[in-house]
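Undergrad: One file is attached below, work_20.cif, containing mmCIF, C-alpha atoms.
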```cif
data_input
loop_
_atom_site.label_atom_id
_atom_site.label_comp_id
_atom_site.auth_asym_id
_atom_site.auth_seq_id
_atom_site.Cartn_x
_atom_site.Cartn_y
_atom_site.Cartn_z
CA MET A 1 -166.93 -165.77 -221.00
CA THR A 2 -164.57 -165.04 -223.88
CA SER A 3 -163.73 -167.76 -226.40
CA GLN A 4 -160.22 -167.93 -224.93
CA GLN A 5 -161.67 -168.44 -221.46
CA GLU A 6 -164.03 -171.08 -222.82
CA GLN A 7 -161.14 -173.00 -224.38
CA ARG A 8 -159.27 -172.78 -221.10
CA ALA A 9 -162.34 -173.90 -219.15
CA THR A 10 -162.83 -176.87 -221.49
CA ALA A 11 -159.23 -177.99 -221.01
CA LEU A 12 -159.49 -177.57 -217.23
CA MET A 13 -162.78 -179.46 -217.03
CA ILE A 14 -161.32 -182.41 -218.94
CA LEU A 15 -158.43 -182.51 -216.45
CA ALA A 16 -160.90 -182.17 -213.56
CA GLN A 17 -162.93 -185.12 -214.83
CA HIS A 18 -159.71 -187.12 -214.59
CA GLY A 19 -159.26 -186.00 -210.97
CA ASP A 20 -156.76 -183.12 -211.33
CA SER A 21 -157.60 -180.98 -208.29
CA THR A 22 -155.24 -178.10 -209.22
CA ALA A 23 -156.91 -177.70 -212.61
CA TYR A 24 -160.29 -177.98 -210.90
CA ALA A 25 -159.49 -175.22 -208.40
CA GLU A 26 -158.39 -172.98 -211.30
CA LEU A 27 -161.58 -173.83 -213.21
CA LEU A 28 -163.82 -173.09 -210.22
CA THR A 29 -162.03 -169.78 -209.61
CA LEU A 30 -162.66 -168.79 -213.24
CA LEU A 31 -166.30 -169.92 -213.05
CA ALA A 32 -166.88 -168.08 -209.76
CA ALA A 33 -165.69 -164.81 -211.30
CA THR A 34 -167.78 -165.42 -214.43
CA SER A 35 -170.85 -166.23 -212.31
CA ARG A 36 -170.49 -163.05 -210.25
CA GLN A 37 -170.05 -160.95 -213.41
CA TYR A 38 -173.03 -162.58 -215.13
CA ALA A 39 -175.27 -162.09 -212.09
CA ARG A 40 -174.07 -158.49 -211.59
CA ASN A 41 -174.88 -157.66 -215.24
CA ARG A 42 -178.40 -158.99 -214.86
CA LEU A 43 -179.31 -158.17 -211.27
CA GLY A 44 -177.11 -155.18 -210.41
CA ASP A 45 -174.85 -154.98 -207.39
CA VAL A 46 -177.00 -157.12 -205.10
CA PRO A 47 -175.44 -158.39 -201.85
CA TRP A 48 -175.91 -162.05 -202.75
CA LEU A 49 -173.74 -162.28 -205.86
CA ASP A 50 -171.53 -164.67 -203.92
CA ASP A 51 -174.53 -166.90 -203.20
CA VAL A 52 -175.13 -167.21 -206.96
CA ALA A 53 -171.45 -168.04 -207.51
CA GLN A 54 -171.39 -170.63 -204.70
CA GLU A 55 -174.63 -172.34 -205.72
CA THR A 56 -173.35 -172.49 -209.29
CA LEU A 57 -170.03 -173.99 -208.22
CA MET A 58 -171.75 -176.67 -206.14
CA THR A 59 -174.00 -177.56 -209.06
CA VAL A 60 -171.07 -177.64 -211.48
CA HIS A 61 -169.38 -180.01 -209.03
CA GLY A 62 -172.40 -182.31 -208.77
CA ALA A 63 -173.09 -182.25 -212.52
CA ARG A 64 -169.52 -182.43 -213.83
CA ARG A 65 -169.97 -185.95 -215.18
CA THR A 66 -172.62 -184.64 -217.60
CA TYR A 67 -170.12 -182.41 -219.38
CA ASP A 68 -169.18 -183.91 -222.75
CA SER A 69 -165.80 -182.61 -223.91
CA ARG A 70 -166.87 -182.90 -227.57
CA ARG A 71 -169.45 -180.19 -226.98
CA PRO A 72 -168.82 -176.50 -226.20
CA PHE A 73 -168.39 -175.67 -222.53
CA ALA A 74 -170.25 -172.34 -222.44
CA PRO A 75 -173.81 -173.62 -223.11
CA TRP A 76 -173.36 -176.32 -220.43
CA PHE A 77 -172.07 -173.84 -217.88
CA TYR A 78 -174.50 -171.00 -218.63
CA ALA A 79 -177.48 -173.36 -218.46
CA ILE A 80 -176.42 -174.26 -214.92
CA LEU A 81 -175.59 -170.66 -214.00
CA SER A 82 -178.89 -169.18 -215.20
CA SER A 83 -180.87 -171.95 -213.52
CA ARG A 84 -179.11 -171.47 -210.19
CA MET A 85 -179.34 -167.68 -210.44
CA ILE A 86 -183.10 -167.95 -210.82
CA ASP A 87 -183.23 -170.29 -207.80
CA VAL A 88 -181.23 -167.83 -205.66
CA LEU A 89 -183.32 -164.90 -206.91
CA ARG A 90 -186.55 -166.69 -205.96
CA LYS A 91 -185.16 -167.55 -202.55
CA GLU A 92 -183.99 -164.00 -201.89
CA ARG A 93 -187.37 -162.60 -202.91
CA ARG A 94 -189.09 -165.08 -200.61
CA VAL A 95 -186.82 -164.21 -197.70
CA GLY A 96 -186.95 -160.47 -198.49
CA SER A 97 -190.74 -160.49 -198.36
CA ARG A 98 -190.76 -161.49 -194.69
CA GLU A 99 -187.43 -160.32 -193.23
CA ILE A 100 -185.57 -157.05 -192.75
CA ALA A 101 -181.85 -157.26 -193.45
CA SER A 102 -179.60 -156.14 -190.63
CA ASP A 103 -175.87 -156.32 -190.08
CA VAL A 104 -176.27 -155.88 -186.34
CA ILE A 105 -176.33 -159.00 -184.20
CA PRO A 106 -179.36 -158.83 -181.88
CA GLU A 107 -178.71 -158.30 -178.20
CA PRO A 108 -178.47 -161.62 -176.36
CA ALA A 109 -181.25 -162.47 -173.93
CA GLN A 110 -180.26 -161.27 -170.47
CA THR A 111 -181.42 -164.23 -168.42
CA GLY A 112 -180.08 -165.10 -165.02
CA PRO A 113 -177.67 -167.95 -164.27
CA ALA A 114 -180.63 -170.26 -163.68
CA GLY A 115 -181.69 -169.71 -167.27
CA GLY A 116 -178.55 -171.47 -168.33
CA GLN A 117 -177.58 -168.75 -170.80
CA VAL A 118 -174.46 -166.62 -170.92
CA SER A 119 -175.64 -163.42 -169.33
CA ASP A 120 -172.62 -161.21 -169.89
CA ALA A 121 -171.89 -162.07 -173.53
CA ASP A 122 -171.75 -159.14 -175.92
CA PRO A 123 -171.88 -159.26 -179.73
CA VAL A 124 -168.10 -158.80 -180.01
CA ARG A 125 -167.45 -161.79 -177.73
CA ILE A 126 -170.00 -163.88 -179.58
CA ARG A 127 -168.45 -162.95 -182.91
CA ALA A 128 -164.96 -163.80 -181.59
CA ALA A 129 -166.22 -167.16 -180.28
CA LEU A 130 -167.93 -167.86 -183.59
CA ASP A 131 -164.72 -167.08 -185.46
CA ALA A 132 -162.91 -169.62 -183.30
CA LEU A 133 -165.16 -172.45 -184.50
CA PRO A 134 -164.12 -174.69 -187.42
CA ALA A 135 -165.31 -173.27 -190.76
CA ARG A 136 -168.14 -175.77 -191.34
CA GLN A 137 -169.45 -175.50 -187.78
CA ARG A 138 -169.26 -171.70 -187.91
CA GLU A 139 -171.22 -171.67 -191.17
CA ILE A 140 -173.93 -173.92 -189.76
CA VAL A 141 -174.31 -172.04 -186.46
CA SER A 142 -174.35 -168.67 -188.27
CA ALA A 143 -176.93 -169.89 -190.76
CA LEU A 144 -179.22 -171.33 -188.08
CA LYS A 145 -178.89 -168.66 -185.40
CA LEU A 146 -177.89 -165.44 -187.17
CA ARG A 147 -179.49 -165.81 -190.59
CA ASP A 148 -182.46 -167.74 -189.21
CA GLN A 149 -182.33 -170.41 -191.89
CA SER A 150 -183.98 -173.76 -191.35
CA VAL A 151 -182.05 -177.00 -190.87
CA LYS A 152 -183.47 -178.17 -194.20
CA GLU A 153 -182.24 -175.09 -196.05
CA VAL A 154 -178.77 -175.37 -194.53
CA SER A 155 -178.55 -179.10 -195.27
CA GLN A 156 -179.55 -178.52 -198.89
CA ARG A 157 -177.10 -175.66 -199.37
CA LEU A 158 -174.17 -177.50 -197.84
CA GLY A 159 -175.03 -180.88 -199.33
CA MET A 160 -175.30 -182.52 -195.89
CA SER A 161 -178.03 -184.62 -194.37
CA GLU A 162 -180.34 -182.85 -191.91
CA SER A 163 -179.13 -185.01 -189.05
CA ALA A 164 -175.50 -184.19 -189.88
CA VAL A 165 -176.38 -180.47 -189.75
CA LYS A 166 -178.08 -180.97 -186.36
CA VAL A 167 -175.09 -182.87 -184.96
CA SER A 168 -172.65 -180.26 -186.24
CA ALA A 169 -174.84 -177.44 -184.85
CA HIS A 170 -175.04 -179.17 -181.46
CA ARG A 171 -171.26 -179.50 -181.32
CA GLY A 172 -170.97 -175.85 -182.35
CA TYR A 173 -173.29 -174.73 -179.52
CA ARG A 174 -171.31 -176.76 -177.00
CA ALA A 175 -168.06 -175.26 -178.24
CA LEU A 176 -169.58 -171.76 -178.09
CA ARG A 177 -170.75 -172.35 -174.52
CA ARG A 178 -167.27 -173.44 -173.56
CA LEU A 179 -165.67 -170.46 -175.34
CA LEU A 180 -168.08 -168.02 -173.69
CA GLY A 181 -167.38 -169.43 -170.27
CA GLY A 182 -170.66 -171.28 -169.74
CA ARG A 183 -171.18 -174.90 -168.72
CA GLU A 184 -170.55 -177.40 -171.47
CA SER A 185 -173.67 -179.48 -170.97
CA MET B 1 -168.54 -169.92 -196.13
CA ARG B 2 -166.32 -167.83 -198.35
CA THR B 3 -166.17 -168.75 -202.05
CA ASP B 4 -162.43 -169.38 -201.83
CA ASP B 5 -163.00 -171.85 -198.98
CA LEU B 6 -165.72 -173.58 -201.00
CA ILE B 7 -163.41 -173.88 -204.01
CA ALA B 8 -160.65 -175.33 -201.80
CA ASN B 9 -163.17 -177.69 -200.22
CA LEU B 10 -164.53 -178.92 -203.56
CA ALA B 11 -161.09 -179.27 -205.15
CA ASP B 12 -159.55 -181.05 -202.14
CA GLY B 13 -161.73 -184.11 -202.27
CA LEU B 14 -162.00 -184.26 -206.06
CA ALA B 15 -162.49 -187.77 -207.41
CA PRO B 16 -162.23 -188.69 -211.11
CA VAL B 17 -165.59 -189.12 -212.83
CA LYS B 18 -166.53 -191.09 -215.92
CA PRO B 19 -168.38 -188.70 -218.23
CA LEU B 20 -171.87 -189.83 -219.19
CA SER B 21 -172.37 -191.10 -222.71
CA PRO B 22 -174.23 -188.69 -225.01
CA PRO B 23 -178.06 -188.68 -224.77
CA SER B 24 -178.29 -190.34 -228.22
CA VAL B 25 -176.33 -193.40 -227.02
CA ARG B 26 -178.34 -193.72 -223.81
CA PHE B 27 -181.54 -193.26 -225.86
CA LEU B 28 -180.63 -196.21 -228.09
CA TRP B 29 -179.96 -198.41 -225.05
CA TRP B 30 -183.29 -197.44 -223.59
CA CYS B 31 -185.09 -198.17 -226.89
CA VAL B 32 -183.60 -201.68 -226.93
CA LEU B 33 -184.72 -202.27 -223.33
CA ALA B 34 -188.19 -200.80 -223.93
CA ALA B 35 -188.67 -202.91 -227.09
CA ALA B 36 -187.61 -206.02 -225.17
CA CYS B 37 -190.09 -205.23 -222.36
CA GLY B 38 -192.88 -204.58 -224.88
CA ALA B 39 -192.13 -207.85 -226.67
CA ALA B 40 -191.98 -209.70 -223.33
CA GLY B 41 -195.34 -208.20 -222.38
CA VAL B 42 -196.92 -209.38 -225.64
CA ALA B 43 -195.39 -212.84 -225.11
CA VAL B 44 -196.58 -213.10 -221.49
CA PHE B 45 -200.10 -211.72 -221.92
CA GLY B 46 -200.56 -213.14 -225.45
CA GLY B 47 -201.03 -211.21 -228.69
CA ARG B 48 -204.58 -210.73 -229.95
CA PRO B 49 -205.66 -212.89 -232.90
CA GLY B 50 -205.56 -211.48 -236.45
CA LEU B 51 -202.89 -208.89 -235.73
CA GLY B 52 -201.60 -208.94 -239.31
CA THR B 53 -205.01 -207.93 -240.66
CA LEU B 54 -205.61 -205.39 -237.91
CA LEU B 55 -202.31 -203.64 -238.51
CA ARG B 56 -203.40 -202.92 -242.07
CA GLN B 57 -206.40 -200.97 -240.75
CA PRO B 58 -205.38 -197.28 -240.49
CA PHE B 59 -207.15 -196.52 -237.18
CA PHE B 60 -205.65 -199.56 -235.45
CA ALA B 61 -202.20 -198.86 -236.94
CA TRP B 62 -202.31 -195.27 -235.63
CA LEU B 63 -203.13 -196.57 -232.15
CA VAL B 64 -199.87 -198.53 -232.28
CA VAL B 65 -197.72 -195.94 -234.04
CA LEU B 66 -198.72 -192.94 -231.89
CA PRO B 67 -197.78 -194.50 -228.51
CA LEU B 68 -194.55 -195.80 -230.04
CA GLY B 69 -193.78 -192.34 -231.41
CA MET B 70 -194.64 -190.72 -228.10
CA ALA B 71 -192.43 -193.17 -226.20
CA ALA B 72 -189.46 -192.45 -228.46
CA VAL B 73 -189.83 -188.66 -228.56
CA ALA B 74 -190.57 -188.33 -224.83
CA ALA B 75 -187.61 -190.53 -223.85
CA ALA B 76 -185.28 -188.59 -226.14
CA ALA B 77 -186.56 -185.28 -224.75
CA ALA B 78 -186.11 -186.46 -221.14
CA LEU B 79 -182.53 -187.57 -221.79
CA VAL B 80 -181.65 -184.33 -223.57
CA LEU B 81 -183.19 -182.30 -220.73
CA ALA B 82 -181.00 -184.15 -218.26
CA VAL B 83 -177.81 -182.65 -219.70
CA PRO B 84 -177.39 -178.92 -218.97
CA GLY B 85 -177.36 -176.85 -222.15
CA ALA B 86 -178.09 -179.82 -224.43
CA GLU B 87 -181.62 -178.69 -225.20
CA ARG B 88 -181.20 -176.17 -228.03
CA SER B 89 -184.94 -175.60 -228.48
CA ARG B 90 -188.21 -176.83 -227.03
CA ALA B 91 -189.03 -178.67 -230.26
CA LEU B 92 -188.45 -182.16 -228.85
CA ARG B 93 -190.49 -181.51 -225.69
CA SER B 94 -193.28 -179.92 -227.73
CA SER B 95 -193.24 -182.85 -230.17
CA ALA B 96 -193.78 -185.32 -227.33
CA VAL B 97 -196.74 -183.30 -226.09
CA ALA B 98 -198.06 -182.93 -229.64
CA VAL B 99 -197.90 -186.69 -230.37
CA GLY B 100 -199.67 -187.40 -227.07
CA GLY B 101 -202.26 -184.76 -227.96
CA ILE B 102 -202.93 -186.28 -231.40
CA TRP B 103 -203.33 -189.71 -229.79
CA ALA B 104 -205.82 -188.30 -227.26
CA VAL B 105 -207.76 -186.37 -229.93
CA LEU B 106 -207.95 -189.49 -232.13
CA LEU B 107 -209.43 -191.50 -229.26
CA LEU B 108 -211.79 -188.73 -228.11
CA ALA B 109 -213.08 -188.33 -231.68
CA ALA B 110 -213.70 -192.08 -231.85
CA VAL B 111 -215.54 -191.99 -228.50
CA ALA B 112 -217.68 -189.11 -229.77
CA ARG B 113 -218.38 -190.95 -233.04
CA ALA B 114 -219.48 -194.08 -231.14
CA GLY B 115 -222.00 -191.95 -229.25
CA ASN B 116 -222.05 -194.03 -226.06
CA GLY B 117 -219.58 -191.93 -224.07
CA PHE B 118 -217.87 -193.99 -221.40
CA ALA B 119 -221.01 -195.93 -220.43
CA ASN B 120 -219.92 -199.16 -222.11
CA ALA B 121 -216.23 -198.96 -221.23
CA SER B 122 -215.34 -202.15 -219.44
CA HIS B 123 -212.30 -204.12 -218.32
CA TRP B 124 -210.12 -201.04 -218.62
CA PRO B 125 -208.54 -201.44 -215.13
CA ILE B 126 -206.99 -204.71 -216.36
CA CYS B 127 -205.35 -202.87 -219.24
CA VAL B 128 -204.17 -200.10 -216.89
CA SER B 129 -202.42 -202.65 -214.70
CA ARG B 130 -200.86 -204.35 -217.74
CA VAL B 131 -199.65 -201.05 -219.21
CA VAL B 132 -198.04 -200.19 -215.87
CA ALA B 133 -196.53 -203.69 -215.58
CA ILE B 134 -194.98 -203.53 -219.06
CA GLY B 135 -193.79 -199.94 -218.57
CA LEU B 136 -192.34 -200.45 -215.12
CA ILE B 137 -188.85 -201.61 -216.11
CA PRO B 138 -188.45 -198.96 -218.85
CA ALA B 139 -189.60 -196.36 -216.30
CA VAL B 140 -187.08 -197.46 -213.68
CA ALA B 141 -184.32 -197.57 -216.29
CA LEU B 142 -185.09 -194.13 -217.70
CA LEU B 143 -185.45 -192.51 -214.27
CA GLY B 144 -182.17 -194.17 -213.31
CA MET B 145 -180.52 -192.54 -216.33
CA LEU B 146 -181.96 -189.18 -215.29
CA ARG B 147 -180.76 -189.61 -211.70
CA ARG B 148 -177.22 -190.13 -212.97
CA ALA B 149 -177.44 -186.93 -215.02
CA ALA B 150 -178.47 -183.41 -214.01
CA PRO B 151 -181.93 -182.34 -215.20
CA LEU B 152 -182.31 -178.62 -214.59
CA ARG B 153 -186.08 -178.99 -215.18
CA PRO B 154 -186.83 -182.04 -213.05
CA ALA B 155 -190.62 -181.88 -213.37
CA TRP B 156 -190.47 -181.91 -217.15
CA ALA B 157 -187.80 -184.61 -217.27
CA SER B 158 -189.64 -186.83 -214.81
CA ALA B 159 -193.02 -186.39 -216.53
CA LEU B 160 -191.51 -187.15 -219.94
CA ALA B 161 -189.71 -190.23 -218.63
CA ALA B 162 -192.87 -191.59 -216.99
CA SER B 163 -194.97 -190.96 -220.09
CA ALA B 164 -192.35 -192.53 -222.38
CA ALA B 165 -192.28 -195.71 -220.30
CA MET B 166 -196.06 -195.94 -220.06
CA ALA B 167 -196.46 -195.23 -223.79
CA THR B 168 -194.26 -198.29 -224.38
CA GLY B 169 -196.74 -200.30 -222.32
CA ALA B 170 -199.65 -198.70 -224.19
CA ALA B 171 -198.19 -199.66 -227.59
CA ALA B 172 -197.72 -203.24 -226.39
CA ILE B 173 -201.21 -203.45 -224.88
CA GLN B 174 -202.67 -202.41 -228.22
CA LEU B 175 -201.28 -205.67 -229.63
CA ILE B 176 -202.64 -207.65 -226.65
CA CYS B 177 -206.04 -206.21 -225.82
CA PRO B 178 -208.95 -207.72 -227.83
CA ILE B 179 -211.34 -204.84 -227.02
CA ASP B 180 -211.73 -202.32 -229.84
CA ASP B 181 -213.95 -199.85 -227.97
CA ALA B 182 -212.44 -196.33 -228.11
CA ALA B 183 -213.61 -195.44 -224.59
CA HIS B 184 -211.83 -198.54 -223.29
CA SER B 185 -208.66 -197.53 -225.16
CA LEU B 186 -208.85 -193.98 -223.84
CA LEU B 187 -209.23 -195.09 -220.21
CA GLY B 188 -207.16 -198.26 -220.20
CA HIS B 189 -204.41 -197.51 -222.74
CA PHE B 190 -204.00 -193.73 -222.82
CA GLY B 191 -205.12 -193.13 -219.23
CA PRO B 192 -202.05 -194.60 -217.51
CA VAL B 193 -199.75 -192.49 -219.73
CA LEU B 194 -201.47 -189.30 -218.67
CA LEU B 195 -201.74 -190.41 -215.05
CA MET B 196 -198.09 -191.38 -214.75
CA ALA B 197 -196.94 -188.21 -216.53
CA GLY B 198 -198.83 -186.18 -213.93
CA LEU B 199 -197.49 -188.32 -211.11
CA GLY B 200 -193.98 -187.94 -212.52
CA ALA B 201 -194.24 -184.16 -212.59
CA TRP B 202 -195.72 -184.07 -209.09
CA GLN B 203 -193.16 -186.39 -207.54
CA ALA B 204 -190.21 -185.14 -209.59
CA ALA B 205 -188.21 -184.20 -206.49
CA ARG B 206 -188.34 -187.81 -205.28
CA LEU B 207 -188.01 -189.51 -208.65
CA VAL B 208 -185.20 -187.39 -210.03
CA ASN B 209 -182.59 -187.07 -207.36
CA GLN B 210 -181.27 -183.52 -207.18
CA ARG B 211 -178.25 -184.04 -204.96
CA TRP B 212 -176.08 -182.94 -207.89
CA LYS B 213 -177.58 -179.45 -207.48
CA ARG B 214 -176.04 -179.23 -204.04
CA GLY B 215 -172.66 -180.53 -205.11
CA ALA B 216 -173.22 -184.20 -204.25
CA GLY B 217 -169.92 -185.95 -203.71
CA SER B 218 -168.31 -182.84 -202.30
CA PRO B 219 -166.19 -183.41 -199.23
CA ARG B 220 -167.86 -182.82 -195.91
#
```
Using structure tokens, write down the structure from this file.

TA:
Amino acid sequence: MTSQQEQRATALMILAQHGDSTAYAELLTLLAATSRQYARNRLGDVPWLDDVAQETLMTVHGARRTYDSRRPFAPWFYAILSSRMIDVLRKERRVGSREIASDVIPEPAQTGPAGGQVSDADPVRIRAALDALPARQREIVSALKLRDQSVKEVSQRLGMSESAVKVSAHRGYRALRRLLGGRES
Amino acid sequence: MRTDDLIANLADGLAPVKPLSPPSVRFLWWCVLAAACGAAGVAVFGGRPGLGTLLRQPFFAWLVVLPLGMAAVAAAAALVLAVPGAERSRALRSSAVAVGGIWAVLLLAAVARAGNGFANASHWPICVSRVVAIGLIPAVALLGMLRRAAPLRPAWASALAASAAMATGAAAIQLICPIDDAAHSLLGHFGPVLLMAGLGAWQAARLVNQRWKRGAGSPR
């Protein structure tokens, strides 16, 4: 972060603390780019640079009241960024030690109509149905079913309670069933 | 979720926030509260006779000064740790550990000098309960201050807060407890500080809320 950017970030954060959402969006955009750059310089071109940026933004949001405008912005921000980057790095190492990354959606189970599952759904249809879900629901269903994350992990990442994640996931499954032509309940 | 969507989501529901006062200001408030609790403890449980004379004895005076010093340094370190980037060096944290270490060494040396070990240590559970009782309100207050901030090292912050509060109780109990046995002091006065520091580090996730890490207050 250059000194000019830091001055800009300080001014934007002061406005954000007063509730200016336009200034806040500009600040978060600047911080997201800085986070990605910082993580790329230290970790290389890893596929989860966006995770570092997103985790950092959520922490900045939750901790914004601790920023004191009489103090420089950069140490406050970089302390959060490096802490969150280490958290993401640990998580990725943990996941990487037991999973193999794949961009291909696994074939759906081909059960009969009695099994209650959609037998003729292909990955393209599933992807299209997923894309039709509201953003939050899509994120939750993808995390639980495609990325195999736990309810606890998803609830922590999205700042929701575990029961709220379960309810949202349940609604997402129902909507998917409907979109894929299955029975709703 | 794409980063742009997250930014829009966070900015959409933005509410104004009142920035926290600097750690130094919150530290002073906590010191006032801790001193009041210590004084209340001495008033409730009763000060030991001949305090004026005892305070002129170096060993006794150190057993009051060291817990007081530890309480102050540990509370300051916890509050500084709770603000991202505010900790410039580990000096404050190390000082808290060092003061606690000197206190422990002083007591252990006295136990060794006495030559009885812990065989004659008695009534120390009463002092443990009194230390915890006196330190309870300062502990709740300090942990409350940490919960409102954003400690990036929750285990450290929580352990320091717990030890600061219990050291307040230990300083007060030194003015209350009529037993001069070093083994009693080690178990009944220093023991709860160490115990609660360990408990604080262990239960940091519960004691120091970390919802801020996940963007607490963000729109759902």

Undergrad: Kindly provide the residues of chain A that approach chain B to within 6 Å, each paired with its closest atom pair and their distance in Å to one decimal, based on all atoms listed in the file, listed by chain and increasing number, as JSON lines.

TA:
```
{"residue": "A:Gln17", "atom": "CA", "partner": "B:Pro16", "partner_atom": "CA", "distance": 5.2}
{"residue": "A:His18", "atom": "CA", "partner": "B:Pro16", "partner_atom": "CA", "distance": 4.6}
{"residue": "A:Gly19", "atom": "CA", "partner": "B:Pro16", "partner_atom": "CA", "distance": 4.0}
{"residue": "A:Ser21", "atom": "CA", "partner": "B:Ala11", "partner_atom": "CA", "distance": 5.0}
{"residue": "A:Tyr24", "atom": "CA", "partner": "B:Ala11", "partner_atom": "CA", "distance": 5.9}
{"residue": "A:Ala25", "atom": "CA", "partner": "B:Ala11", "partner_atom": "CA", "distance": 5.4}
{"residue": "A:Met58", "atom": "CA", "partner": "B:Gly215", "partner_atom": "CA", "distance": 4.1}
{"residue": "A:Thr59", "atom": "CA", "partner": "B:Lys213", "partner_atom": "CA", "distance": 4.3}
{"residue": "A:His61", "atom": "CA", "partner": "B:Gly215", "partner_atom": "CA", "distance": 5.1}
{"residue": "A:Gly62", "atom": "CA", "partner": "B:Trp212", "partner_atom": "CA", "distance": 3.8}
{"residue": "A:Ala63", "atom": "CA", "partner": "B:Trp212", "partner_atom": "CA", "distance": 5.6}
{"residue": "A:Arg65", "atom": "CA", "partner": "B:Pro19", "partner_atom": "CA", "distance": 4.4}
{"residue": "A:Thr66", "atom": "CA", "partner": "B:Leu20", "partner_atom": "CA", "distance": 5.5}
{"residue": "A:Pro75", "atom": "CA", "partner": "B:Gly85", "partner_atom": "CA", "distance": 4.9}
{"residue": "A:Trp76", "atom": "CA", "partner": "B:Gly85", "partner_atom": "CA", "distance": 4.4}
{"residue": "A:Ala79", "atom": "CA", "partner": "B:Gly85", "partner_atom": "CA", "distance": 5.1}
{"residue": "A:Glu139", "atom": "CA", "partner": "B:Met1", "partner_atom": "CA", "distance": 5.9}
{"residue": "A:Arg157", "atom": "CA", "partner": "B:Arg214", "partner_atom": "CA", "distance": 6.0}
{"residue": "A:Gly159", "atom": "CA", "partner": "B:Arg214", "partner_atom": "CA", "distance": 5.1}
```

Undergrad: What does the file look like for those residues with C-alpha atoms, as a PDB file, in the coordinates of the input?

TA:
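In the end it all went to out_4.pdb:
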```pdb
ATOM      1  CA  GLN A  17    -162.930-185.120-214.830  1.00  0.00           C
ATOM      2  CA  HIS A  18    -159.710-187.120-214.590  1.00  0.00           C
ATOM      3  CA  GLY A  19    -159.260-186.000-210.970  1.00  0.00           C
ATOM      4  CA  SER A  21    -157.600-180.980-208.290  1.00  0.00           C
ATOM      5  CA  TYR A  24    -160.290-177.980-210.900  1.00  0.00           C
ATOM      6  CA  ALA A  25    -159.490-175.220-208.400  1.00  0.00           C
ATOM      7  CA  MET A  58    -171.750-176.670-206.140  1.00  0.00           C
ATOM      8  CA  THR A  59    -174.000-177.560-209.060  1.00  0.00           C
ATOM      9  CA  HIS A  61    -169.380-180.010-209.030  1.00  0.00           C
ATOM     10  CA  GLY A  62    -172.400-182.310-208.770  1.00  0.00           C
ATOM     11  CA  ALA A  63    -173.090-182.250-212.520  1.00  0.00           C
ATOM     12  CA  ARG A  65    -169.970-185.950-215.180  1.00  0.00           C
ATOM     13  CA  THR A  66    -172.620-184.640-217.600  1.00  0.00           C
ATOM     14  CA  PRO A  75    -173.810-173.620-223.110  1.00  0.00           C
ATOM     15  CA  TRP A  76    -173.360-176.320-220.430  1.00  0.00           C
ATOM     16  CA  ALA A  79    -177.480-173.360-218.460  1.00  0.00           C
ATOM     17  CA  GLU A 139    -171.220-171.670-191.170  1.00  0.00           C
ATOM     18  CA  ARG A 157    -177.100-175.660-199.370  1.00  0.00           C
ATOM     19  CA  GLY A 159    -175.030-180.880-199.330  1.00  0.00           C
TER      20      GLY A 159
END
```

Undergrad: Assuming the chain letters and numbering stay as they are in my file, what does the PyMOL selection byres ((chain B and resi 24) around 12) actually select? List them as number ranges by chain.

TA: B: 20-23, 25-31, 72-73, 75-80, 83, 86

Undergrad: Those residues with C-alpha atoms, as a PDB file, in the coordinates of the input please?

TA:
```pdb
ATOM      1  CA  LEU B  20    -171.870-189.830-219.190  1.00  0.00           C
ATOM      2  CA  SER B  21    -172.370-191.100-222.710  1.00  0.00           C
ATOM      3  CA  PRO B  22    -174.230-188.690-225.010  1.00  0.00           C
ATOM      4  CA  PRO B  23    -178.060-188.680-224.770  1.00  0.00           C
ATOM      5  CA  VAL B  25    -176.330-193.400-227.020  1.00  0.00           C
ATOM      6  CA  ARG B  26    -178.340-193.720-223.810  1.00  0.00           C
ATOM      7  CA  PHE B  27    -181.540-193.260-225.860  1.00  0.00           C
ATOM      8  CA  LEU B  28    -180.630-196.210-228.090  1.00  0.00           C
ATOM      9  CA  TRP B  29    -179.960-198.410-225.050  1.00  0.00           C
ATOM     10  CA  TRP B  30    -183.290-197.440-223.590  1.00  0.00           C
ATOM     11  CA  CYS B  31    -185.090-198.170-226.890  1.00  0.00           C
ATOM     12  CA  ALA B  72    -189.460-192.450-228.460  1.00  0.00           C
ATOM     13  CA  VAL B  73    -189.830-188.660-228.560  1.00  0.00           C
ATOM     14  CA  ALA B  75    -187.610-190.530-223.850  1.00  0.00           C
ATOM     15  CA  ALA B  76    -185.280-188.590-226.140  1.00  0.00           C
ATOM     16  CA  ALA B  77    -186.560-185.280-224.750  1.00  0.00           C
ATOM     17  CA  ALA B  78    -186.110-186.460-221.140  1.00  0.00           C
ATOM     18  CA  LEU B  79    -182.530-187.570-221.790  1.00  0.00           C
ATOM     19  CA  VAL B  80    -181.650-184.330-223.570  1.00  0.00           C
ATOM     20  CA  VAL B  83    -177.810-182.650-219.700  1.00  0.00           C
ATOM     21  CA  ALA B  86    -178.090-179.820-224.430  1.00  0.00           C
TER      22      ALA B  86
END
```

Undergrad: Residues picked by the PyMOL selection byres ((chain A and resi 140) around 12) here, as a ChimeraX atom specification?

TA: /A:130,133-139,141-160,162,164-173 /B:1

Undergrad: Can you spell out as a ChimeraX atom specification the set of residues that the PyMOL selection byres ((chain A and resi 38) around 12) selects in the structure I just provided?

TA: /A:1,31-37,39-45,49-50,52-53,56,77-78,81-82,84-85

Undergrad: Just to confirm, what's the straight-line distance from atom CA of Pro192 of chain B to atom CA of Gly52 of chain B in Å (one decimal)?

TA: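 Value for the atom CA of Pro192 of chain B-atom CA of Gly52 of chain B distance: 26.1 Å.
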